[in-house]
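Q: Below is the file protein07.csv, which contains CSV, C-alpha atoms.
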chain,number,residue,atom,x,y,z
A,1,MET,CA,0.0,0.0,0.0
A,2,SER,CA,2.7,2.4,-1.1
A,3,LEU,CA,0.2,5.2,-1.8
A,4,ALA,CA,-1.7,5.0,1.5
A,5,GLY,CA,-2.8,8.4,2.7
A,6,LYS,CA,-2.2,10.1,-0.7
A,7,VAL,CA,-4.9,11.8,-2.7
A,8,ALA,CA,-5.0,11.1,-6.4
A,9,LEU,CA,-7.1,12.9,-9.1
A,10,VAL,CA,-7.8,11.0,-12.3
A,11,THR,CA,-9.7,12.8,-15.0
A,12,GLY,CA,-12.0,10.9,-17.4
A,13,ALA,CA,-12.3,8.0,-14.9
A,14,SER,CA,-15.8,6.7,-15.7
A,15,ARG,CA,-14.6,4.0,-18.0
A,16,GLY,CA,-11.8,2.6,-20.1
A,17,ILE,CA,-8.2,3.5,-19.2
A,18,GLY,CA,-9.2,6.1,-16.7
A,19,GLN,CA,-11.3,3.6,-14.7
A,20,ALA,CA,-8.4,1.1,-14.7
A,21,ILE,CA,-6.0,3.8,-13.5
A,22,ALA,CA,-8.4,4.9,-10.7
A,23,LEU,CA,-8.7,1.3,-9.5
A,24,GLU,CA,-5.0,0.6,-9.7
A,25,LEU,CA,-4.2,3.7,-7.6
A,26,ALA,CA,-6.9,2.8,-5.2
A,27,ALA,CA,-5.4,-0.7,-4.9
A,28,GLN,CA,-2.2,0.9,-3.9
A,29,GLY,CA,-4.0,2.6,-1.1
A,30,ALA,CA,-4.6,6.1,-2.5
A,31,THR,CA,-7.8,8.0,-2.0
A,32,VAL,CA,-9.0,8.4,-5.5
A,33,ILE,CA,-11.1,11.2,-7.0
A,34,GLY,CA,-12.2,10.3,-10.5
A,35,THR,CA,-14.0,12.8,-12.7
A,36,ALA,CA,-16.6,12.4,-15.4
A,37,THR,CA,-18.4,14.9,-17.6
A,38,SER,CA,-21.9,13.9,-16.3
A,39,ASP,CA,-23.4,13.3,-12.9
A,40,SER,CA,-24.3,9.8,-13.8
A,41,GLY,CA,-20.7,9.1,-14.8
A,42,ALA,CA,-19.5,10.6,-11.4
A,43,GLU,CA,-22.0,8.3,-9.6
A,44,ALA,CA,-20.7,5.3,-11.5
A,45,ILE,CA,-17.2,6.2,-10.3
A,46,THR,CA,-18.3,6.5,-6.7
A,47,ALA,CA,-20.0,3.1,-7.0
A,48,TYR,CA,-17.1,1.2,-8.5
A,49,LEU,CA,-14.6,2.7,-5.9
A,50,LYS,CA,-17.0,1.7,-3.2
A,51,ALA,CA,-17.3,-1.8,-4.6
A,52,ALA,CA,-13.5,-2.1,-4.6
A,53,GLY,CA,-13.4,-1.1,-1.0
A,54,ALA,CA,-11.5,2.1,-1.9
A,55,GLN,CA,-11.5,5.6,-0.4
A,56,GLY,CA,-12.6,8.4,-2.7
A,57,SER,CA,-15.4,9.6,-4.9
A,58,GLY,CA,-16.5,10.5,-8.4
A,59,LEU,CA,-17.0,14.1,-9.2
A,60,ARG,CA,-18.4,15.9,-12.2
A,61,LEU,CA,-16.0,18.0,-14.2
A,62,ASN,CA,-16.6,19.7,-17.5
A,63,VAL,CA,-13.1,20.7,-18.4
A,64,THR,CA,-14.2,23.3,-21.0
A,65,GLU,CA,-16.2,25.2,-18.4
A,66,GLU,CA,-14.5,28.4,-17.3
A,67,GLY,CA,-13.0,28.0,-13.8
A,68,ALA,CA,-14.1,24.4,-13.5
A,69,CYS,CA,-10.6,22.9,-13.1
A,70,GLU,CA,-9.6,25.4,-10.4
A,71,ALA,CA,-12.9,25.0,-8.5
A,72,LEU,CA,-12.5,21.2,-8.6
A,73,VAL,CA,-9.0,21.2,-7.2
A,74,ALA,CA,-10.1,23.7,-4.4
A,75,GLN,CA,-13.0,21.4,-3.5
A,76,ILE,CA,-10.9,18.3,-3.4
A,77,GLU,CA,-8.3,20.0,-1.2
A,78,LYS,CA,-11.0,21.1,1.2
A,79,ASP,CA,-12.8,17.7,1.3
A,80,PHE,CA,-9.9,15.2,1.0
A,81,GLY,CA,-6.6,17.1,1.4
A,82,GLY,CA,-3.8,18.1,-0.9
A,83,ILE,CA,-3.6,16.3,-4.2
A,84,ALA,CA,-0.4,14.2,-4.4
A,85,ILE,CA,-1.0,12.5,-7.8
A,86,LEU,CA,-2.6,14.0,-10.8
A,87,VAL,CA,-3.4,11.8,-13.8
A,88,ASN,CA,-4.5,13.8,-16.8
A,89,ASN,CA,-6.4,11.1,-18.7
A,90,ALA,CA,-9.6,12.7,-20.0
A,91,GLY,CA,-9.6,12.7,-23.8
A,92,ILE,CA,-11.8,12.6,-26.8
A,93,THR,CA,-11.4,12.0,-30.6
A,94,ARG,CA,-12.8,14.1,-33.4
A,95,ASP,CA,-11.2,12.3,-36.4
A,96,ASN,CA,-11.3,13.8,-39.8
A,97,LEU,CA,-9.0,14.3,-42.8
A,98,LEU,CA,-7.4,17.6,-42.5
A,99,MET,CA,-9.0,18.9,-45.7
A,100,ARG,CA,-12.4,18.1,-44.2
A,101,MET,CA,-11.6,19.2,-40.7
A,102,LYS,CA,-13.9,21.7,-39.1
A,103,ASP,CA,-12.6,24.4,-36.7
A,104,GLU,CA,-15.0,22.9,-34.1
A,105,GLU,CA,-13.3,19.5,-34.4
A,106,TRP,CA,-9.8,21.0,-34.0
A,107,ASP,CA,-10.9,23.3,-31.1
A,108,ALA,CA,-12.8,20.5,-29.3
A,109,ILE,CA,-9.6,18.4,-29.2
A,110,MET,CA,-7.4,21.3,-27.9
A,111,ASP,CA,-10.0,22.4,-25.4
A,112,THR,CA,-10.6,18.9,-24.0
A,113,ASN,CA,-7.3,17.0,-24.4
A,114,LEU,CA,-4.7,19.8,-24.0
A,115,LYS,CA,-5.9,22.9,-22.2
A,116,PRO,CA,-7.1,21.1,-19.0
A,117,VAL,CA,-3.7,19.5,-18.6
A,118,TYR,CA,-2.3,23.0,-18.3
A,119,LYS,CA,-5.0,24.2,-16.0
A,120,LEU,CA,-5.1,21.2,-13.7
A,121,SER,CA,-1.3,20.9,-13.4
A,122,LYS,CA,-1.1,24.5,-12.5
A,123,ALA,CA,-3.9,24.2,-9.9
A,124,VAL,CA,-2.3,21.2,-8.1
A,125,MET,CA,1.2,22.6,-8.2
A,126,ARG,CA,1.1,24.7,-5.1
A,127,GLY,CA,0.2,21.7,-2.9
A,128,MET,CA,2.8,19.4,-4.4
A,129,MET,CA,5.5,22.0,-4.1
A,130,LYS,CA,4.7,22.6,-0.5
A,131,ALA,CA,4.6,18.8,0.2
A,132,ARG,CA,7.9,18.4,-1.7
A,133,TRP,CA,6.3,15.3,-3.3
A,134,GLY,CA,4.1,15.0,-6.3
A,135,ARG,CA,3.3,13.0,-9.4
A,136,ILE,CA,1.9,14.4,-12.6
A,137,ILE,CA,1.2,11.7,-15.2
A,138,ASN,CA,-0.1,12.7,-18.6
A,139,ILE,CA,-1.8,10.1,-20.7
A,140,ALA,CA,-0.6,10.7,-24.3
A,141,SER,CA,-0.9,8.3,-27.2
A,142,VAL,CA,1.3,6.3,-29.6
A,143,VAL,CA,-0.1,8.5,-32.4
A,144,GLY,CA,1.5,11.5,-30.9
A,145,ALA,CA,4.8,9.8,-31.8
A,146,THR,CA,3.9,8.0,-35.0
A,147,GLY,CA,1.2,10.2,-36.5
A,148,ASN,CA,-2.0,8.7,-37.9
A,149,PRO,CA,-4.1,9.8,-40.9
A,150,GLY,CA,-7.4,11.3,-39.9
A,151,GLN,CA,-6.0,12.4,-36.5
A,152,THR,CA,-4.0,15.6,-37.1
A,153,ASN,CA,-5.8,17.3,-34.3
A,154,TYR,CA,-5.6,14.4,-31.8
A,155,SER,CA,-2.0,13.5,-32.5
A,156,ALA,CA,-1.0,17.2,-32.3
A,157,ALA,CA,-2.5,17.5,-28.9
A,158,LYS,CA,-0.9,14.2,-27.7
A,159,ALA,CA,2.5,15.2,-29.1
A,160,ALA,CA,2.1,18.5,-27.2
A,161,LEU,CA,1.9,16.6,-24.0
A,162,PHE,CA,5.4,15.2,-24.6
A,163,GLY,CA,6.8,18.8,-24.6
A,164,PHE,CA,4.7,19.9,-21.7
A,165,THR,CA,5.8,16.9,-19.7
A,166,LYS,CA,9.5,17.6,-20.3
A,167,SER,CA,9.3,21.4,-19.6
A,168,LEU,CA,7.3,21.0,-16.4
A,169,ALA,CA,9.6,18.2,-15.3
A,170,ARG,CA,12.6,20.6,-15.6
A,171,GLU,CA,10.7,23.4,-13.9
A,172,ILE,CA,9.7,21.6,-10.7
A,173,GLY,CA,12.0,18.6,-10.4
A,174,SER,CA,13.9,20.3,-7.6
A,175,ARG,CA,10.8,20.3,-5.4
A,176,GLY,CA,10.4,16.5,-5.5
A,177,VAL,CA,7.6,16.5,-8.1
A,178,THR,CA,8.0,14.2,-11.1
A,179,VAL,CA,6.2,14.7,-14.4
A,180,ASN,CA,5.9,11.9,-16.9
A,181,ALA,CA,3.7,10.7,-19.7
A,182,VAL,CA,2.4,7.3,-20.6
A,183,ALA,CA,1.7,6.7,-24.3
A,184,PRO,CA,-0.8,3.9,-24.8
A,185,GLY,CA,-0.9,2.0,-28.1
A,186,PHE,CA,-4.2,0.6,-29.3
A,187,ILE,CA,-6.1,-0.4,-26.2
A,188,ASP,CA,-9.4,-2.3,-26.1
A,189,THR,CA,-11.7,0.5,-24.9
A,190,ASP,CA,-14.9,2.3,-26.2
A,191,MET,CA,-12.6,4.7,-28.0
A,192,THR,CA,-11.2,1.9,-30.2
A,193,LYS,CA,-14.3,-0.2,-30.4
A,194,VAL,CA,-15.7,2.2,-33.0
A,195,LEU,CA,-12.9,1.3,-35.5
A,196,PRO,CA,-13.9,-0.9,-38.4
A,197,GLU,CA,-12.9,-4.6,-38.1
A,198,GLU,CA,-10.6,-4.5,-41.1
A,199,GLN,CA,-8.8,-1.6,-39.7
A,200,LYS,CA,-8.4,-3.3,-36.4
A,201,ALA,CA,-7.1,-6.5,-38.1
A,202,ALA,CA,-4.5,-4.4,-40.0
A,203,LEU,CA,-3.5,-2.7,-36.8
A,204,VAL,CA,-2.9,-5.9,-35.0
A,205,GLN,CA,-0.5,-6.9,-37.8
A,206,SER,CA,1.7,-4.0,-36.8
A,207,ILE,CA,1.8,-4.9,-33.1
A,208,ALA,CA,4.7,-7.1,-32.1
A,209,LEU,CA,2.7,-8.8,-29.4
A,210,GLY,CA,-0.2,-9.4,-31.9
A,211,ARG,CA,-3.1,-8.1,-29.9
A,212,LEU,CA,-4.7,-4.9,-28.6
A,213,GLY,CA,-3.7,-3.9,-25.1
A,214,GLU,CA,-5.9,-4.0,-22.0
A,215,PRO,CA,-6.7,-0.9,-19.9
A,216,LYS,CA,-5.1,-2.6,-16.9
A,217,GLU,CA,-1.8,-2.8,-18.8
A,218,ILE,CA,-1.8,1.0,-19.0
A,219,ALA,CA,-2.9,1.4,-15.4
A,220,ASP,CA,0.0,-0.8,-14.3
A,221,ALA,CA,2.5,1.6,-16.0
A,222,VAL,CA,0.7,4.6,-14.3
A,223,GLY,CA,0.7,2.9,-11.0
A,224,PHE,CA,4.5,2.3,-11.3
A,225,LEU,CA,5.2,6.0,-12.2
A,226,ALA,CA,3.0,7.1,-9.3
A,227,CYS,CA,4.8,5.1,-6.6
A,228,ASP,CA,8.1,5.7,-4.9
A,229,LYS,CA,9.9,3.1,-7.0
A,230,ALA,CA,9.8,5.6,-9.9
A,231,ALA,CA,11.1,8.5,-7.8
A,232,TYR,CA,14.1,9.0,-10.1
A,233,ILE,CA,12.1,9.0,-13.4
A,234,THR,CA,11.0,12.3,-14.7
A,235,GLY,CA,10.3,14.0,-18.0
A,236,GLN,CA,9.9,10.6,-19.7
A,237,THR,CA,7.3,9.1,-21.9
A,238,LEU,CA,6.7,5.4,-21.2
A,239,HIS,CA,5.4,3.7,-24.3
A,240,VAL,CA,3.0,0.9,-23.6
A,241,ASN,CA,2.0,-0.4,-27.0
A,242,GLY,CA,2.8,-4.1,-27.4
A,243,GLY,CA,5.8,-3.2,-29.6
A,244,MET,CA,3.7,-1.3,-32.1
A,245,TYR,CA,6.1,1.6,-32.0
A,246,MET,CA,9.6,1.5,-30.5
A,247,ASN,CA,11.5,4.7,-29.8
B,1,MET,CA,4.0,39.7,18.3
B,2,GLU,CA,6.9,40.5,16.0
B,3,ASN,CA,6.5,43.4,13.6
B,4,ILE,CA,5.9,42.9,10.0
B,5,GLU,CA,9.5,43.6,9.0
B,6,GLN,CA,10.8,40.9,11.3
B,7,ARG,CA,8.3,38.4,10.2
B,8,VAL,CA,9.0,39.0,6.5
B,9,LYS,CA,12.8,38.7,7.0
B,10,LYS,CA,12.3,35.5,9.0
B,11,ILE,CA,10.3,34.0,6.1
B,12,VAL,CA,12.8,35.1,3.5
B,13,ALA,CA,15.6,33.6,5.4
B,14,GLU,CA,13.7,30.3,5.9
B,15,GLN,CA,12.6,30.0,2.3
B,16,LEU,CA,15.9,30.9,0.7
B,17,GLY,CA,18.0,29.1,3.2
B,18,VAL,CA,20.2,32.1,4.1
B,19,PRO,CA,21.1,33.5,7.5
B,20,GLU,CA,18.7,36.1,8.8
B,21,THR,CA,21.7,38.5,9.2
B,22,ASP,CA,22.1,38.4,5.4
B,23,VAL,CA,18.6,39.6,4.8
B,24,LYS,CA,18.7,43.4,4.6
B,25,ASN,CA,15.8,45.6,3.6
B,26,GLU,CA,17.5,46.5,0.3
B,27,SER,CA,18.4,42.8,-0.5
B,28,SER,CA,17.1,41.6,-3.9
B,29,PHE,CA,15.9,38.0,-3.7
B,30,VAL,CA,17.5,37.0,-7.0
B,31,ASN,CA,20.6,39.3,-7.1
B,32,ASP,CA,21.7,39.2,-3.5
B,33,LEU,CA,20.1,36.2,-1.9
B,34,GLY,CA,20.6,33.7,-4.7
B,35,ALA,CA,16.9,32.9,-5.4
B,36,ASP,CA,15.8,31.5,-8.7
B,37,SER,CA,12.4,32.3,-10.2
B,38,LEU,CA,10.8,29.2,-8.6
B,39,ASP,CA,12.1,30.3,-5.2
B,40,THR,CA,10.5,33.7,-5.6
B,41,VAL,CA,7.1,32.0,-6.4
B,42,GLU,CA,7.5,29.9,-3.3
B,43,LEU,CA,8.4,32.9,-1.2
B,44,VAL,CA,5.2,34.6,-2.2
B,45,MET,CA,3.3,31.5,-1.3
B,46,ALA,CA,5.0,31.5,2.1
B,47,LEU,CA,4.2,35.2,2.6
B,48,GLU,CA,0.5,34.6,1.7
B,49,GLU,CA,0.3,31.9,4.4
B,50,GLU,CA,2.1,33.9,7.1
B,51,PHE,CA,-0.1,36.9,6.6
B,52,GLU,CA,-3.2,35.1,5.5
B,53,CYS,CA,-3.7,37.0,2.4
B,54,GLU,CA,-3.8,36.4,-1.3
B,55,ILE,CA,-1.2,38.3,-3.4
B,56,PRO,CA,-2.4,38.6,-7.0
B,57,ASP,CA,0.2,37.4,-9.7
B,58,GLU,CA,0.6,40.9,-11.1
B,59,GLU,CA,1.5,42.3,-7.6
B,60,ALA,CA,3.7,39.3,-6.8
B,61,GLU,CA,5.8,39.9,-9.9
B,62,LYS,CA,6.7,43.4,-8.5
B,63,ILE,CA,8.0,42.1,-5.2
B,64,THR,CA,11.7,41.6,-5.9
B,65,THR,CA,13.3,42.9,-2.7
B,66,VAL,CA,12.8,42.5,1.0
B,67,GLN,CA,11.6,46.1,1.3
B,68,GLN,CA,9.0,45.6,-1.5
B,69,ALA,CA,7.7,42.6,0.4
B,70,ILE,CA,7.5,44.6,3.6
B,71,ASP,CA,5.7,47.4,1.8
B,72,TYR,CA,3.2,45.2,0.2
B,73,VAL,CA,2.3,43.4,3.3
B,74,SER,CA,2.1,46.6,5.4
B,75,GLY,CA,0.0,48.3,2.7
B,76,ASN,CA,-2.4,45.4,2.2
B,77,LEU,CA,-2.9,44.0,5.7
B,78,ASP,CA,-6.1,44.7,7.7
B,79,LYS,CA,-7.8,46.2,4.7
As structure tokens, how would this structure be written, given the file I've shared?
A:
Amino acid sequence: MSLAGKVALVTGASRGIGQAIALELAAQGATVIGTATSDSGAEAITAYLKAAGAQGSGLRLNVTEEGACEALVAQIEKDFGGIAILVNNAGITRDNLLMRMKDEEWDAIMDTNLKPVYKLSKAVMRGMMKARWGRIINIASVVGATGNPGQTNYSAAKAALFGFTKSLAREIGSRGVTVNAVAPGFIDTDMTKVLPEEQKAALVQSIALGRLGEPKEIADAVGFLACDKAAYITGQTLHVNGGMYMN
Amino acid sequence: MENIEQRVKKIVAEQLGVPETDVKNESSFVNDLGADSLDTVELVMALEEEFECEIPDEEAEKITTVQQAIDYVSGNLDK
């Protein structure tokens, strides 16, 4: 229970990778606050945390709402204590060929996948600096490194996380706060379920391990970076993709 | 109760890890006391806590010497 007594905030935790991360951190003893965009999503998080015998709660967060990120952090600090671990996981896709891409599709990705990473990281920083201990873990994507047709917006936002991770790691390393990214490959979640079967089959061909990943396999990497065993790792991107991309 | 000047100097010394005797009114955090930009941010955080106030970013950026910190706190306390 290496994270006992620590408060973790995981965005986009109602399902998929975020849910697996929330449960992994809870299993390590952390008090976990998971966010969802709807009240029903937040209730579902509270329910699965309770079922797992974990401390914590689901809360509603609409990252695009002005002031919402700051208000959420203030509320968590008041109700649960300072946030020691922030996992920026919430993300959406709005795939389109660039020539067909609408401004709304581009902006939706930046506003949901990138801007909240800045806002939430900034909001939790004070507490982490004071505590001289903190973990910020950004969930990026393999496509941020490899590119993917139809995902100029998504891959641009994910690649941006690599640079953000490195710069912030340099900024606050001296205060005992590490900042890392985990870049999942193709993971079996609702986000990838929408892909056509032929595309999935072709994808699997390009994966050395010959299968899609499980959310738990991403959560295990996040759980490692969050715990004290990873204290000397910062500014890194850990690629968890079954050998689909090797850097 | 110590006066504001003494309290400010004590916090500056603690935050920047310098002897209190080195902390003069005219000392610049960066040029004289060896602070980097992150140290100055933390120093403002410590002042906010000591004096239970909130120093807006645009004001915080203007506080670069011990005297400026004393002046800010004196001017904004009990308002």
Q: Looking at only C-alpha atoms, which of A:Ser141, A:Thr234, A:Asn241, A:Ser174 is the one that sits closest to A:Leu212?
A: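 For A:Leu212, the nearest of the given residues is A:Asn241.
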Q: Can you list, as an MDAnalysis selection string, every protein, DNA or RNA residue that comes within 9 Å of A:Gly58 when you count only C-alpha atoms, leaving out same-chain residues fewer than 2 positions away?
A: chainID A and resid 13:14 32:36 39 41:47 49 56 60
Q: Considering all atoms listed in the file, extract the chain A residues located within 9 Å of chain B and return them as a PDB file with C-alpha atoms, in the coordinates of the input.
A:
ATOM      1  CA  ARG A 126       1.100  24.700  -5.100  1.00  0.00           C
ATOM      2  CA  MET A 129       5.500  22.000  -4.100  1.00  0.00           C
ATOM      3  CA  LYS A 130       4.700  22.600  -0.500  1.00  0.00           C
ATOM      4  CA  GLU A 171      10.700  23.400 -13.900  1.00  0.00           C
ATOM      5  CA  ILE A 172       9.700  21.600 -10.700  1.00  0.00           C
TER       6      ILE A 172
END
Q: Applying 10 Å and only C-alpha atoms, which residues near stretch 22-30 of chain B remain after dropping the ones on its own chain fewer than 3 positions away? List them as a list in words.
A: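 Here the qualifying residues turn out to be Glu5, Val8, Lys9, Lys10, Val12, Ala13, Leu16, Val18, Pro19, Leu33, Gly34, Ala35, Asp36, Ser37, Asp39, Thr40, Leu43, Ile63, Thr64, Thr65, Val66, Gln67, Gln68, Ala69 and Ile70 of chain B.
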Q: Work out how far apart atom CA of A:Met101 and atom CA of A:Asn88 are and give it in Å to one decimal.
A: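 These atoms are spaced 25.5 Å apart.
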Q: Could you tell me how far atom CA of A:Gly173 sits from atom CA of A:Val142, in Å to one decimal place?
A: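 Answer for the atom CA of A:Val142 to atom CA of A:Gly173 separation: 25.2 Å.
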Q: Taking all atoms listed in the file into account, name the residue in A:Ala231, A:Pro116, A:Ala22, A:Thr31 that is nearest to A:Glu66.
A: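 The closest residue to A:Glu66 is A:Pro116.
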Q: Could you tell me how far atom CA of A:Tyr245 lies from atom CA of A:Gly134, in Å and to one decimal?
A: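 Result for atom CA of A:Tyr245 versus atom CA of A:Gly134: 29.1 Å, one decimal.
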Q: Neighbours of A:Lys115 within 10 Å (only C-alpha atoms; same-chain residues fewer than 5 positions away dropped), as a CSV table (one decimal) with C-alpha atoms, in the coordinates of the input?
A:
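Written file, out_22.csv:
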chain,number,residue,atom,x,y,z
A,63,VAL,CA,-13.1,20.7,-18.4
A,64,THR,CA,-14.2,23.3,-21.0
A,109,ILE,CA,-9.6,18.4,-29.2
A,110,MET,CA,-7.4,21.3,-27.9
A,120,LEU,CA,-5.1,21.2,-13.7
A,157,ALA,CA,-2.5,17.5,-28.9
Q: For A:Ala169, which of A:Ser2, A:Gln75, A:Asn247, A:Ser121 is the closest residue, counting all atoms listed in the file?
A: A:Ser121
Q: Please list as a list in words every residue within 10 Å of A:Val143, counting all atoms listed in the file and excluding residues in the same chain fewer than 6 positions away.
A: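 My list of contacting residues is Pro149, Gln151, Thr152, Tyr154, Ser155, Ala156, Ala157, Lys158, Ala159, Ala183, Pro184, Gly185, Phe186 and Tyr245 of chain A.
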Q: For A:Gly176, which residue among A:Ile233, A:Cys69, A:Leu98, A:Ala30 is the nearest when counting all atoms listed in the file?
A: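 Ranking A:Ile233, A:Cys69, A:Leu98, A:Ala30 by distance to A:Gly176, first place goes to A:Ile233.
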Q: Show me the residues close to (-2.7, 11.3, -14.7) - anything with an atom within 10 Å, counting all atoms listed in the file - and format the list as a PyMOL selection string.
A: chain A and resi 8-12+18+21-22+85-90+117+121+135-140+179-182+219+222-223+225-226
Q: Quick one: of A:Met244, A:Leu168, A:Leu23, A:Met128, who's nearest to A:Ile187, counting all atoms listed in the file?
A: A:Met244
Q: Using only C-alpha atoms, which residues sit within 9 Å of stretch 49-59 of chain B once same-chain residues fewer than 6 positions away are excluded, as a list in words?
A: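 Contacts, in chain order: Arg7, Val8, Ile11, Tyr72, Val73, Asn76 and Leu77 of chain B.
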